[in-house]
$ cat target-v4.cif   # mmCIF, C-alpha atoms and all ligand atoms
data_coords
loop_
_atom_site.label_atom_id
_atom_site.label_comp_id
_atom_site.auth_asym_id
_atom_site.auth_seq_id
_atom_site.Cartn_x
_atom_site.Cartn_y
_atom_site.Cartn_z
CA MET A 110 0.00 0.00 0.00
CA THR A 111 1.42 3.36 -0.99
CA ILE A 112 2.05 6.43 1.14
CA LYS A 113 -0.27 9.28 0.15
CA SER A 114 0.76 12.07 2.49
CA ILE A 115 2.97 12.85 5.47
CA ASN A 116 2.24 15.89 7.61
CA ALA A 117 4.50 16.83 10.47
CA GLN A 118 3.66 19.24 13.26
CA GLU A 119 5.03 20.54 16.54
CA ILE A 120 3.31 19.22 19.70
CA LEU A 121 4.28 19.16 23.39
CA ASP A 122 5.90 16.35 25.37
CA SER A 123 5.28 15.46 29.02
CA ARG A 124 7.68 18.19 30.19
CA GLY A 125 5.88 20.81 28.13
CA ASN A 126 8.68 21.00 25.57
CA PRO A 127 8.06 20.82 21.83
CA THR A 128 8.46 17.54 19.99
CA VAL A 129 7.75 16.19 16.51
CA ALA A 130 4.49 14.46 15.57
CA VAL A 131 3.51 13.04 12.22
CA VAL A 132 0.17 12.20 10.61
CA LEU A 133 0.74 9.73 7.80
CA ARG A 134 -1.96 8.69 5.31
CA LEU A 135 -2.01 5.81 2.86
CA ALA A 136 -3.78 5.57 -0.46
CA ASP A 137 -6.30 3.12 1.08
CA GLY A 138 -7.42 5.76 3.62
CA THR A 139 -5.39 4.41 6.53
CA GLU A 140 -4.32 7.24 8.84
CA VAL A 141 -1.87 7.04 11.77
CA PHE A 142 -0.25 9.40 14.25
CA SER A 143 3.20 9.05 15.79
CA ALA A 144 5.23 11.21 18.15
CA VAL A 145 8.85 11.09 19.29
CA PRO A 146 10.04 11.25 22.91
CA SER A 147 12.98 13.26 24.26
CA GLY A 148 15.65 12.62 26.90
CA ALA A 149 17.12 14.83 29.63
CA SER A 150 20.14 12.78 30.70
CA THR A 151 21.09 12.18 27.09
CA GLY A 152 24.24 10.37 26.05
CA ILE A 153 26.79 12.38 24.10
CA TYR A 154 26.85 9.75 21.34
CA GLU A 155 23.12 9.88 20.60
CA ALA A 156 21.89 10.85 17.14
CA LEU A 157 21.01 14.53 16.93
CA GLU A 158 17.67 15.78 18.19
CA LEU A 159 17.19 18.82 15.98
CA ARG A 160 15.98 21.90 17.88
CA ASP A 161 15.50 25.39 16.47
CA GLU A 162 17.88 27.14 18.93
CA ASP A 163 15.71 30.21 18.34
CA ASN A 164 15.27 31.84 21.73
CA GLY A 165 12.17 33.68 20.63
CA ARG A 166 10.17 30.44 20.77
CA TYR A 167 9.96 27.84 23.53
CA LEU A 168 13.31 28.97 24.99
CA GLY A 169 15.08 27.68 21.91
CA LYS A 170 13.50 24.23 22.09
CA GLY A 171 11.12 24.55 19.15
CA VAL A 172 11.23 21.84 16.50
CA LEU A 173 9.98 23.75 13.47
CA LYS A 174 13.18 22.98 11.54
CA ALA A 175 12.63 19.24 12.03
CA VAL A 176 8.97 19.69 11.05
CA ALA A 177 9.99 21.55 7.89
CA ASN A 178 12.56 18.86 7.08
CA ILE A 179 9.74 16.30 7.11
CA ASN A 180 7.20 18.34 5.18
CA ASP A 181 9.57 19.87 2.62
CA VAL A 182 12.46 17.41 2.24
CA ILE A 183 11.50 13.89 3.32
CA ALA A 184 7.77 13.69 2.54
CA PRO A 185 8.11 14.49 -1.20
CA LYS A 186 10.58 11.60 -1.55
CA LEU A 187 8.47 9.06 0.36
CA VAL A 188 5.02 9.79 -1.07
CA GLY A 189 4.21 7.01 -3.51
CA MET A 190 6.49 4.46 -1.82
CA ASP A 191 5.18 1.12 -0.53
CA VAL A 192 4.78 1.61 3.22
CA THR A 193 5.63 -2.03 3.96
CA LYS A 194 9.20 -1.54 2.67
CA GLN A 195 10.48 -0.42 6.08
CA ALA A 196 14.17 -1.06 5.43
CA GLU A 197 14.05 0.80 2.10
CA ILE A 198 12.15 3.73 3.61
CA ASP A 199 14.59 4.05 6.53
CA GLN A 200 17.58 3.75 4.18
CA MET A 201 16.12 6.42 1.91
CA MET A 202 15.91 8.80 4.88
CA LEU A 203 19.47 7.95 6.01
CA ASP A 204 20.72 8.68 2.48
CA LEU A 205 18.79 11.94 2.32
CA ASP A 206 20.37 12.98 5.61
CA GLY A 207 23.83 11.77 4.66
CA THR A 208 25.45 12.39 8.05
CA LYS A 209 26.52 9.90 10.72
CA GLY A 210 24.52 11.40 13.56
CA LYS A 211 21.46 12.48 11.53
CA SER A 212 22.53 16.07 12.11
CA LYS A 213 21.11 17.40 8.85
CA LEU A 214 17.48 16.29 9.04
CA GLY A 215 17.35 15.39 12.74
CA ALA A 216 16.78 12.01 14.36
CA ASN A 217 13.47 13.36 15.67
CA ALA A 218 12.29 14.01 12.10
CA ILE A 219 13.43 10.63 10.75
CA LEU A 220 12.11 8.56 13.66
CA ALA A 221 8.64 10.13 13.59
CA ILE A 222 8.21 8.92 10.00
CA SER A 223 9.90 5.59 10.60
CA MET A 224 7.46 4.71 13.41
CA ALA A 225 4.48 6.09 11.49
CA CYS A 226 5.28 3.78 8.55
CA VAL A 227 5.33 0.74 10.85
CA LYS A 228 1.97 1.73 12.33
CA ALA A 229 0.39 2.45 8.96
CA ALA A 230 1.62 -0.80 7.41
CA ALA A 231 0.22 -2.81 10.32
CA LEU A 232 -3.14 -1.05 10.19
CA SER A 233 -3.39 -1.37 6.43
CA LYS A 234 -2.61 -5.11 6.65
CA LYS A 235 -5.21 -5.38 9.44
CA MET A 236 -2.57 -6.79 11.77
CA PRO A 237 -2.02 -5.86 15.41
CA LEU A 238 0.96 -3.51 15.58
CA TYR A 239 2.97 -5.89 17.80
CA ALA A 240 2.41 -8.76 15.31
CA TYR A 241 3.60 -6.67 12.37
CA ILE A 242 6.67 -5.65 14.39
CA ALA A 243 7.31 -9.33 15.16
CA GLU A 244 7.33 -9.94 11.40
CA LEU A 245 9.84 -7.12 10.90
CA PHE A 246 12.08 -8.92 13.40
CA GLY A 247 11.45 -12.29 11.75
CA ASN A 248 9.92 -13.50 15.04
CA SER A 249 7.08 -16.00 15.37
CA THR A 250 3.54 -14.66 15.56
CA GLU A 251 2.24 -17.84 17.19
CA GLU A 252 3.45 -16.90 20.65
CA PHE A 253 4.52 -13.59 22.17
CA THR A 254 6.77 -12.79 25.13
CA MET A 255 5.34 -10.21 27.49
CA PRO A 256 7.98 -7.98 29.10
CA ILE A 257 8.79 -7.70 32.80
CA PRO A 258 8.41 -3.98 33.58
CA MET A 259 11.12 -2.05 35.42
CA SER A 260 9.19 0.71 37.18
CA ASN A 261 11.06 3.76 38.35
CA VAL A 262 9.37 4.55 41.67
CA LEU A 263 12.08 6.79 43.13
CA ASN A 264 13.57 9.49 40.90
CA GLY A 265 16.79 11.40 41.42
CA GLY A 266 19.60 12.86 39.30
CA LYS A 267 18.56 15.06 36.40
CA HIS A 268 14.92 13.94 36.63
CA ALA A 269 14.34 15.21 40.17
CA LEU A 270 16.83 17.81 41.32
CA GLY A 271 17.31 17.78 45.09
CA GLY A 272 16.83 13.99 45.19
CA ALA A 273 19.50 11.27 45.11
CA ASP A 274 22.60 11.64 42.87
CA MET A 275 21.57 8.41 41.22
CA GLN A 276 18.73 8.78 38.78
CA GLU A 277 16.46 5.74 38.97
CA PHE A 278 15.49 3.23 41.64
CA MET A 279 13.20 0.68 40.04
CA ILE A 280 11.05 -2.23 41.17
CA PHE A 281 11.29 -5.26 38.92
CA PRO A 282 8.58 -7.91 39.42
CA VAL A 283 10.52 -10.96 38.22
CA GLY A 284 8.01 -13.32 39.84
CA ALA A 285 4.87 -11.94 38.21
CA PRO A 286 2.99 -14.50 36.11
CA SER A 287 1.62 -11.91 33.67
CA ILE A 288 1.92 -8.24 32.74
CA VAL A 289 -1.51 -7.59 34.26
CA GLU A 290 -0.24 -8.91 37.59
CA ALA A 291 3.12 -7.18 37.23
CA VAL A 292 1.38 -3.84 36.75
CA ARG A 293 -0.84 -4.44 39.78
CA TRP A 294 2.12 -5.45 41.98
CA ASN A 295 4.14 -2.42 40.95
CA ALA A 296 1.21 -0.03 41.43
CA GLU A 297 0.51 -1.44 44.90
CA ILE A 298 4.16 -1.03 45.89
CA PHE A 299 4.21 2.49 44.45
CA HIS A 300 1.19 3.49 46.57
CA ASN A 301 2.65 1.87 49.67
CA LEU A 302 5.84 3.81 49.08
CA GLY A 303 3.80 7.00 48.89
CA LYS A 304 2.14 6.18 52.21
CA LEU A 305 5.52 5.49 53.80
CA LEU A 306 6.93 8.79 52.58
CA LYS A 307 3.90 10.65 53.91
CA LYS A 308 4.20 8.99 57.31
CA ARG A 309 7.85 10.07 57.54
CA GLY A 310 7.07 13.65 56.59
CA PHE A 311 8.59 13.54 53.08
CA GLN A 312 7.07 15.24 50.06
CA GLN A 313 5.04 13.05 47.74
CA THR A 314 5.76 15.07 44.63
CA VAL A 315 6.93 13.08 41.61
CA GLY A 316 9.81 13.51 39.16
CA ASP A 317 9.80 13.46 35.36
CA GLU A 318 9.15 9.72 35.14
CA GLY A 319 6.46 9.65 37.81
CA GLY A 320 8.56 8.30 40.67
CA TYR A 321 8.64 10.01 44.05
CA ALA A 322 11.46 12.46 44.54
CA PRO A 323 12.06 12.89 48.28
CA LYS A 324 15.10 14.73 49.65
CA LEU A 325 16.97 11.85 51.30
CA ASP A 326 20.43 11.87 52.88
CA SER A 327 22.22 9.10 50.99
CA ASN A 328 22.07 7.17 47.73
CA GLU A 329 21.36 4.01 49.69
CA ALA A 330 18.30 5.40 51.51
CA PRO A 331 15.98 4.80 48.50
CA LEU A 332 16.90 1.11 48.57
CA ASP A 333 15.79 0.72 52.19
CA LEU A 334 12.58 2.62 51.49
CA ILE A 335 11.78 0.42 48.51
CA LEU A 336 12.33 -2.75 50.54
CA GLU A 337 9.93 -1.42 53.16
CA ALA A 338 7.34 -0.59 50.53
CA ILE A 339 7.63 -4.06 48.97
CA ALA A 340 7.03 -5.65 52.38
CA ALA A 341 4.20 -3.27 53.22
CA ALA A 342 2.47 -4.23 49.96
CA GLY A 343 2.77 -7.89 50.95
CA TYR A 344 5.38 -9.04 48.41
CA LYS A 345 8.61 -10.94 48.88
CA ALA A 346 11.71 -8.94 47.95
CA GLY A 347 14.25 -10.99 46.06
CA GLU A 348 11.67 -13.58 45.01
CA GLN A 349 8.68 -11.76 43.59
CA ILE A 350 10.17 -8.30 43.34
CA CYS A 351 13.79 -7.42 42.68
CA ILE A 352 15.42 -4.01 42.35
CA ALA A 353 16.94 -2.46 39.22
CA LEU A 354 19.08 0.68 39.20
CA ASP A 355 19.94 3.33 36.67
CA PRO A 356 22.48 5.61 38.34
CA ALA A 357 22.92 7.38 34.95
CA SER A 358 26.42 8.03 36.19
CA SER A 359 27.64 9.96 33.12
CA GLU A 360 25.75 12.84 34.73
CA PHE A 361 27.91 12.93 37.88
CA TYR A 362 31.25 11.94 36.34
CA ALA A 363 34.09 14.37 35.76
CA ASP A 364 37.88 14.04 35.46
CA GLY A 365 37.95 10.34 36.27
CA LEU A 366 35.79 10.58 39.37
CA TYR A 367 32.14 9.94 40.26
CA ASP A 368 30.90 12.81 42.40
CA LEU A 369 28.33 11.57 44.94
CA LYS A 370 27.42 15.09 46.05
CA MET A 371 24.76 14.25 48.59
CA GLU A 372 27.30 12.06 50.40
CA GLY A 373 30.21 14.49 49.98
CA ARG A 374 32.54 11.94 48.40
CA LYS A 375 34.11 11.24 45.01
CA LEU A 376 34.80 7.66 43.90
CA ASN A 377 36.95 6.26 41.11
CA SER A 378 35.71 3.47 38.80
CA GLN A 379 37.04 0.71 40.99
CA GLU A 380 35.41 2.17 44.08
CA MET A 381 32.11 2.51 42.22
CA VAL A 382 32.26 -1.16 41.21
CA GLU A 383 33.06 -2.02 44.83
CA LEU A 384 30.04 0.01 45.97
CA TYR A 385 27.75 -1.85 43.54
CA LYS A 386 29.21 -5.15 44.64
CA VAL A 387 28.39 -4.41 48.28
CA TRP A 388 24.91 -3.21 47.36
CA THR A 389 24.15 -6.31 45.28
CA GLN A 390 25.11 -8.46 48.27
CA LYS A 391 22.97 -6.44 50.65
CA TYR A 392 19.92 -5.77 48.42
CA PRO A 393 18.10 -7.83 45.77
CA ILE A 394 19.55 -5.72 42.94
CA VAL A 395 19.63 -7.74 39.72
CA SER A 396 20.18 -5.07 37.07
CA ILE A 397 22.37 -1.95 36.92
CA GLU A 398 22.25 0.43 33.96
CA ASP A 399 24.98 3.01 33.32
CA GLY A 400 26.68 2.16 36.60
CA LEU A 401 29.69 3.87 35.04
CA SER A 402 30.13 6.74 32.61
CA GLN A 403 29.62 6.65 28.82
CA ASP A 404 33.36 6.56 28.03
CA ASP A 405 34.45 4.38 30.94
CA TRP A 406 34.85 1.17 28.91
CA ASP A 407 37.48 -0.16 31.33
CA GLY A 408 35.23 0.50 34.31
CA PHE A 409 32.37 -1.31 32.58
CA ALA A 410 34.61 -4.28 31.76
CA MET A 411 35.73 -4.39 35.40
CA MET A 412 32.11 -4.32 36.56
CA GLU A 413 31.09 -7.05 34.13
CA LYS A 414 33.99 -9.20 35.36
CA GLU A 415 33.23 -8.58 39.04
CA ILE A 416 29.45 -8.96 39.16
CA GLY A 417 28.27 -9.66 35.59
CA SER A 418 27.59 -13.33 36.28
CA LYS A 419 24.90 -12.35 38.79
CA VAL A 420 23.77 -8.93 37.68
CA GLN A 421 22.47 -7.55 34.39
CA ILE A 422 25.12 -4.98 33.43
CA MET A 423 23.35 -2.65 31.06
CA GLY A 424 24.59 0.17 28.88
CA ASP A 425 22.37 3.13 27.99
CA ASP A 426 24.55 6.22 27.41
CA LEU A 427 27.38 3.74 26.82
CA PHE A 428 25.75 2.16 23.74
CA VAL A 429 23.08 4.72 22.69
CA THR A 430 21.31 1.91 20.76
CA ASN A 431 24.10 2.19 18.21
CA PRO A 432 25.29 -1.07 16.59
CA GLU A 433 28.86 0.27 16.27
CA ARG A 434 29.14 0.99 19.99
CA ILE A 435 27.40 -2.29 20.89
CA GLN A 436 29.98 -4.11 18.74
CA THR A 437 32.77 -2.36 20.65
CA GLY A 438 31.11 -3.38 23.92
CA ILE A 439 30.89 -7.01 22.84
CA GLU A 440 34.58 -7.02 21.87
CA LYS A 441 35.56 -5.44 25.19
CA ASN A 442 33.23 -7.65 27.25
CA ALA A 443 31.97 -4.44 28.77
CA ALA A 444 28.39 -5.42 29.63
CA ASN A 445 25.77 -8.12 29.11
CA SER A 446 22.75 -5.99 28.27
CA VAL A 447 21.65 -2.97 26.20
CA LEU A 448 18.99 -0.37 26.91
CA ILE A 449 17.08 0.25 23.69
CA LYS A 450 15.75 3.73 22.88
CA LEU A 451 14.51 4.26 19.34
CA ASN A 452 15.29 7.98 19.37
CA GLN A 453 18.92 7.48 20.37
CA ILE A 454 19.63 5.98 16.94
CA GLY A 455 16.67 7.46 15.06
CA SER A 456 15.03 4.75 12.95
CA VAL A 457 13.14 1.50 13.46
CA SER A 458 15.44 -0.50 11.14
CA GLU A 459 18.61 0.54 12.95
CA THR A 460 16.96 -0.23 16.30
CA ILE A 461 16.13 -3.73 15.07
CA ALA A 462 19.77 -4.15 13.96
CA ALA A 463 21.00 -3.02 17.40
CA ILE A 464 18.77 -5.56 19.17
CA LYS A 465 19.78 -8.40 16.87
CA LEU A 466 23.47 -7.65 17.33
CA ALA A 467 23.18 -7.57 21.13
CA GLN A 468 21.19 -10.80 21.13
CA SER A 469 23.76 -12.49 18.88
CA ALA A 470 26.22 -12.07 21.76
CA GLY A 471 23.71 -13.58 24.20
CA TRP A 472 22.96 -10.18 25.70
CA THR A 473 19.57 -8.99 26.95
CA CYS A 474 17.75 -5.93 25.59
CA ILE A 475 15.41 -3.64 27.51
CA VAL A 476 13.11 -1.43 25.45
CA SER A 477 12.85 2.00 27.06
CA HIS A 478 10.86 5.23 27.13
CA ARG A 479 12.54 8.65 27.54
CA SER A 480 12.06 11.02 30.45
CA GLY A 481 10.20 13.35 28.08
CA GLU A 482 7.38 11.22 26.64
CA THR A 483 4.11 11.56 24.76
CA GLU A 484 0.81 9.70 24.62
CA ASP A 485 2.23 7.54 21.82
CA ALA A 486 2.53 3.99 23.23
CA PHE A 487 4.55 2.60 20.30
CA ILE A 488 7.19 1.04 22.57
CA ALA A 489 4.57 -1.22 24.21
CA ASP A 490 3.87 -2.91 20.88
CA PHE A 491 7.53 -2.72 19.94
CA VAL A 492 8.74 -4.67 22.97
CA VAL A 493 6.12 -7.38 22.44
CA GLY A 494 7.00 -7.72 18.76
CA ALA A 495 10.71 -7.70 19.50
CA GLY A 496 10.17 -10.27 22.25
CA THR A 497 13.05 -8.94 24.34
CA GLY A 498 11.24 -9.67 27.60
CA GLN A 499 11.90 -6.43 29.51
CA ILE A 500 10.59 -2.87 29.33
CA LYS A 501 11.43 0.29 31.24
CA THR A 502 8.62 2.81 31.06
CA GLY A 503 8.52 4.76 34.28
CA SER A 504 6.45 4.81 37.40
CA MET A 505 2.83 3.90 38.01
CA CYS A 506 1.35 7.37 37.49
CA ARG A 507 1.40 10.12 34.82
CA SER A 508 -0.56 9.24 31.71
CA GLU A 509 2.44 9.28 29.36
CA ARG A 510 3.94 6.41 31.43
CA VAL A 511 0.69 4.59 32.20
CA ALA A 512 -0.32 4.65 28.51
CA LYS A 513 2.41 2.05 27.87
CA TYR A 514 1.36 -0.18 30.78
CA ASN A 515 -2.27 0.07 29.71
CA ARG A 516 -1.43 -0.90 26.15
CA LEU A 517 0.65 -3.88 27.39
CA MET A 518 -2.25 -5.14 29.50
CA MET A 519 -4.61 -4.81 26.56
CA ILE A 520 -2.20 -6.72 24.31
CA GLU A 521 -1.88 -9.52 26.86
CA ARG A 522 -5.66 -9.84 27.24
CA GLU A 523 -6.10 -9.83 23.46
CA LEU A 524 -3.45 -12.54 23.05
CA GLY A 525 -4.85 -14.85 25.74
CA SER A 526 -2.91 -18.10 25.74
CA LYS A 527 -0.57 -16.84 22.99
CA ALA A 528 1.00 -14.48 25.57
CA LYS A 529 3.83 -15.88 27.68
CA MET A 530 5.39 -13.90 30.50
CA ALA A 531 9.15 -13.48 30.20
CA SER A 532 11.37 -14.99 32.84
CA PHE A 533 14.47 -13.39 34.29
CA PRO A 534 17.33 -13.72 33.55
CA TYR A 535 15.96 -13.69 30.04
CA LYS A 536 17.94 -15.03 27.13
CA ARG A 537 16.50 -15.42 23.64
P1 LIG A 601 16.54 10.22 29.66
O1 LIG A 601 16.65 9.22 30.88
O2 LIG A 601 15.37 9.83 28.85
O3 LIG A 601 16.40 11.54 30.35
O4 LIG A 601 17.84 10.10 28.91
C1 LIG A 601 16.35 7.88 30.83
C2 LIG A 601 17.54 7.02 31.14
O5 LIG A 601 18.65 7.52 31.43
O6 LIG A 601 17.42 5.81 31.06
ZN ZN A 602 19.60 5.37 31.57
#
$ encode --input "target-v4.cif" --output "structure tokens"
Amino acid sequence: MTIKSINAQEILDSRGNPTVAVVLRLADGTEVFSAVPSGASTGIYEALELRDEDNGRYLGKGVLKAVANINDVIAPKLVGMDVTKQAEIDQMMLDLDGTKGKSKLGANAILAISMACVKAAALSKKMPLYAYIAELFGNSTEEFTMPIPMSNVLNGGKHALGGADMQEFMIFPVGAPSIVEAVRWNAEIFHNLGKLLKKRGFQQTVGDEGGYAPKLDSNEAPLDLILEAIAAAGYKAGEQICIALDPASSEFYADGLYDLKMEGRKLNSQEMVELYKVWTQKYPIVSIEDGLSQDDWDGFAMMEKEIGSKVQIMGDDLFVTNPERIQTGIEKNAANSVLIKLNQIGSVSETIAAIKLAQSAGWTCIVSHRSGETEDAFIADFVVGAGTGQIKTGSMCRSERVAKYNRLMMIERELGSKAKMASFPYKR
């Protein structure tokens, strides 16, 4: 089915900043909408998110240049193309851009169209979006793996200034038999955590990803609070619910040292690995993302060697969903897992390549939202189609987060016995 029109426009994300949305129509009348998310603790190796830098509008964050690139440059080339030719469409946009980091057209412009094409093709073929995505991956459509959700219930770092140095403290319901149950467990723990914070006189305001953001006095305090909340909700920590961390440590790294400001101490890579080692012995932490900084390959390799047999060592800023960096990581034995964010690399086809490469090394992949999100729940279908078995999509409030959980529950109910809950550790 051929593409009839592509119209881009500027909308707002969950932080109230502009982002790119696309309405794509096919010749058969099919019409879809897609919108791209945006990060705050972005990695320096991410593809370029094109912003206007015009201080007269939205404090320089407007995306009218990216919108114009879609409407004036990309759309005329794609109209008339077969929407099911995803690889060709994405390649056409990469060629039109011609740069390594998508700095000419913008990764936000390219990704909006790339996702819209996937949605339109699925709708036109009368297939569920997740099933069409499974086909793009070459995965079976007889059975689908539902992801275990990592839910970020305590926010710090760049997402909640005044909170912990470390960015994300997540609950990870490894024992849940279904996504419907996993969502319920996580929501109950989230509310119990809120009650606990209230009782202790802490604020119950939430950060960018919907997790609480209390002013605590150490980076370990959130771990104790989470354990209490798990128990208060009636779940067994370490069996039903584990803990996952995203320190996002590139944000507090400078000149070879990790600056834990709230504790008044600076640690080197080895001391950070030692800290994580102690924590993983003391708490049921099974996954650590960006435990070290985006250029600290040696630190990552040390961490993988020290605790990688027991803990998922995940790279976010380290890999930026980029096959070249993932390949380097595999060669250096620097991790065993990759966080997957479509807008870090900027097209669906390259994201699929990144996942396949990581999986070829036996690594796990976690499909992720960004801290600036929209109502578009594409990643819910994407993770089911990809079958990677884990998703990270924020806390249990704020509609831009909950939209993904809601879509996952609807997919699971629709699939019935064709849905299988992922187990952890998950290997394809
Ligand atoms: P970001 O944060 O979307 O602000 O980059 C998410 C993360 O670091 O995983
Ligand atoms: Zn991260």
$ residues_near_point --input "target-v4.cif" --point "(10.9, 0.8, 2.1)" --cutoff "12 Å" --atoms "all atoms listed in the file" --output "MDAnalysis selection string"
chainID A and resid 110:112 186:203 222:223 226:227 230 245 457:458
$ closest_atom_pairs --input "target-v4.cif" --of "chain A" --to "ligand ZN 602 (chain A)" --cutoff "12 Å" --atoms "all atoms listed in the file" --output "JSON lines"
{"residue": "A:Gly148", "atom": "CA", "partner": "A:ZN602", "partner_atom": "ZN", "distance": 9.5}
{"residue": "A:Ala149", "atom": "CA", "partner": "A:ZN602", "partner_atom": "ZN", "distance": 10.0}
{"residue": "A:Ser150", "atom": "CA", "partner": "A:ZN602", "partner_atom": "ZN", "distance": 7.5}
{"residue": "A:Thr151", "atom": "CA", "partner": "A:ZN602", "partner_atom": "ZN", "distance": 8.3}
{"residue": "A:Gly152", "atom": "CA", "partner": "A:ZN602", "partner_atom": "ZN", "distance": 8.8}
{"residue": "A:Met259", "atom": "CA", "partner": "A:ZN602", "partner_atom": "ZN", "distance": 11.9}
{"residue": "A:Asn261", "atom": "CA", "partner": "A:ZN602", "partner_atom": "ZN", "distance": 11.0}
{"residue": "A:Asn264", "atom": "CA", "partner": "A:ZN602", "partner_atom": "ZN", "distance": 11.8}
{"residue": "A:Gly265", "atom": "CA", "partner": "A:ZN602", "partner_atom": "ZN", "distance": 11.9}
{"residue": "A:Gly266", "atom": "CA", "partner": "A:ZN602", "partner_atom": "ZN", "distance": 10.8}
{"residue": "A:Lys267", "atom": "CA", "partner": "A:ZN602", "partner_atom": "ZN", "distance": 10.9}
{"residue": "A:His268", "atom": "CA", "partner": "A:ZN602", "partner_atom": "ZN", "distance": 11.0}
{"residue": "A:Met275", "atom": "CA", "partner": "A:ZN602", "partner_atom": "ZN", "distance": 10.3}
{"residue": "A:Gln276", "atom": "CA", "partner": "A:ZN602", "partner_atom": "ZN", "distance": 8.0}
{"residue": "A:Glu277", "atom": "CA", "partner": "A:ZN602", "partner_atom": "ZN", "distance": 8.0}
{"residue": "A:Phe278", "atom": "CA", "partner": "A:ZN602", "partner_atom": "ZN", "distance": 11.1}
{"residue": "A:Met279", "atom": "CA", "partner": "A:ZN602", "partner_atom": "ZN", "distance": 11.6}
{"residue": "A:Glu318", "atom": "CA", "partner": "A:ZN602", "partner_atom": "ZN", "distance": 11.9}
{"residue": "A:Ala353", "atom": "CA", "partner": "A:ZN602", "partner_atom": "ZN", "distance": 11.3}
{"residue": "A:Leu354", "atom": "CA", "partner": "A:ZN602", "partner_atom": "ZN", "distance": 9.0}
{"residue": "A:Asp355", "atom": "CA", "partner": "A:ZN602", "partner_atom": "ZN", "distance": 5.5}
{"residue": "A:Pro356", "atom": "CA", "partner": "A:ZN602", "partner_atom": "ZN", "distance": 7.4}
{"residue": "A:Ala357", "atom": "CA", "partner": "A:ZN602", "partner_atom": "ZN", "distance": 5.1}
{"residue": "A:Ser358", "atom": "CA", "partner": "A:ZN602", "partner_atom": "ZN", "distance": 8.7}
{"residue": "A:Ser359", "atom": "CA", "partner": "A:ZN602", "partner_atom": "ZN", "distance": 9.4}
{"residue": "A:Glu360", "atom": "CA", "partner": "A:ZN602", "partner_atom": "ZN", "distance": 10.2}
{"residue": "A:Ser396", "atom": "CA", "partner": "A:ZN602", "partner_atom": "ZN", "distance": 11.8}
{"residue": "A:Ile397", "atom": "CA", "partner": "A:ZN602", "partner_atom": "ZN", "distance": 9.5}
{"residue": "A:Glu398", "atom": "CA", "partner": "A:ZN602", "partner_atom": "ZN", "distance": 6.1}
{"residue": "A:Asp399", "atom": "CA", "partner": "A:ZN602", "partner_atom": "ZN", "distance": 6.1}
{"residue": "A:Gly400", "atom": "CA", "partner": "A:ZN602", "partner_atom": "ZN", "distance": 9.3}
{"residue": "A:Leu401", "atom": "CA", "partner": "A:ZN602", "partner_atom": "ZN", "distance": 10.8}
{"residue": "A:Ser402", "atom": "CA", "partner": "A:ZN602", "partner_atom": "ZN", "distance": 10.7}
{"residue": "A:Gln403", "atom": "CA", "partner": "A:ZN602", "partner_atom": "ZN", "distance": 10.5}
{"residue": "A:Ile422", "atom": "CA", "partner": "A:ZN602", "partner_atom": "ZN", "distance": 11.9}
{"residue": "A:Met423", "atom": "CA", "partner": "A:ZN602", "partner_atom": "ZN", "distance": 8.9}
{"residue": "A:Gly424", "atom": "CA", "partner": "A:ZN602", "partner_atom": "ZN", "distance": 7.7}
{"residue": "A:Asp425", "atom": "CA", "partner": "A:ZN602", "partner_atom": "ZN", "distance": 5.1}
{"residue": "A:Asp426", "atom": "CA", "partner": "A:ZN602", "partner_atom": "ZN", "distance": 6.5}
{"residue": "A:Leu427", "atom": "CA", "partner": "A:ZN602", "partner_atom": "ZN", "distance": 9.3}
{"residue": "A:Phe428", "atom": "CA", "partner": "A:ZN602", "partner_atom": "ZN", "distance": 10.5}
{"residue": "A:Val429", "atom": "CA", "partner": "A:ZN602", "partner_atom": "ZN", "distance": 9.6}
{"residue": "A:Thr430", "atom": "CA", "partner": "A:ZN602", "partner_atom": "ZN", "distance": 11.5}
{"residue": "A:Val447", "atom": "CA", "partner": "A:ZN602", "partner_atom": "ZN", "distance": 10.1}
{"residue": "A:Leu448", "atom": "CA", "partner": "A:ZN602", "partner_atom": "ZN", "distance": 7.4}
{"residue": "A:Ile449", "atom": "CA", "partner": "A:ZN602", "partner_atom": "ZN", "distance": 9.7}
{"residue": "A:Lys450", "atom": "CA", "partner": "A:ZN602", "partner_atom": "ZN", "distance": 9.6}
{"residue": "A:Gln453", "atom": "CA", "partner": "A:ZN602", "partner_atom": "ZN", "distance": 11.4}
{"residue": "A:Ile475", "atom": "CA", "partner": "A:ZN602", "partner_atom": "ZN", "distance": 10.7}
{"residue": "A:Val476", "atom": "CA", "partner": "A:ZN602", "partner_atom": "ZN", "distance": 11.2}
{"residue": "A:Ser477", "atom": "CA", "partner": "A:ZN602", "partner_atom": "ZN", "distance": 8.8}
{"residue": "A:His478", "atom": "CA", "partner": "A:ZN602", "partner_atom": "ZN", "distance": 9.8}
{"residue": "A:Arg479", "atom": "CA", "partner": "A:ZN602", "partner_atom": "ZN", "distance": 8.8}
{"residue": "A:Ser480", "atom": "CA", "partner": "A:ZN602", "partner_atom": "ZN", "distance": 9.5}
{"residue": "A:Lys501", "atom": "CA", "partner": "A:ZN602", "partner_atom": "ZN", "distance": 9.6}
{"residue": "A:Thr502", "atom": "CA", "partner": "A:ZN602", "partner_atom": "ZN", "distance": 11.3}
{"residue": "A:Gly503", "atom": "CA", "partner": "A:ZN602", "partner_atom": "ZN", "distance": 11.4}
$ atom_distance --input "target-v4.cif" --atom1 "atom CA of Gly271 of chain A" --atom2 "atom CA of Lys304 of chain A"
20.4 Å
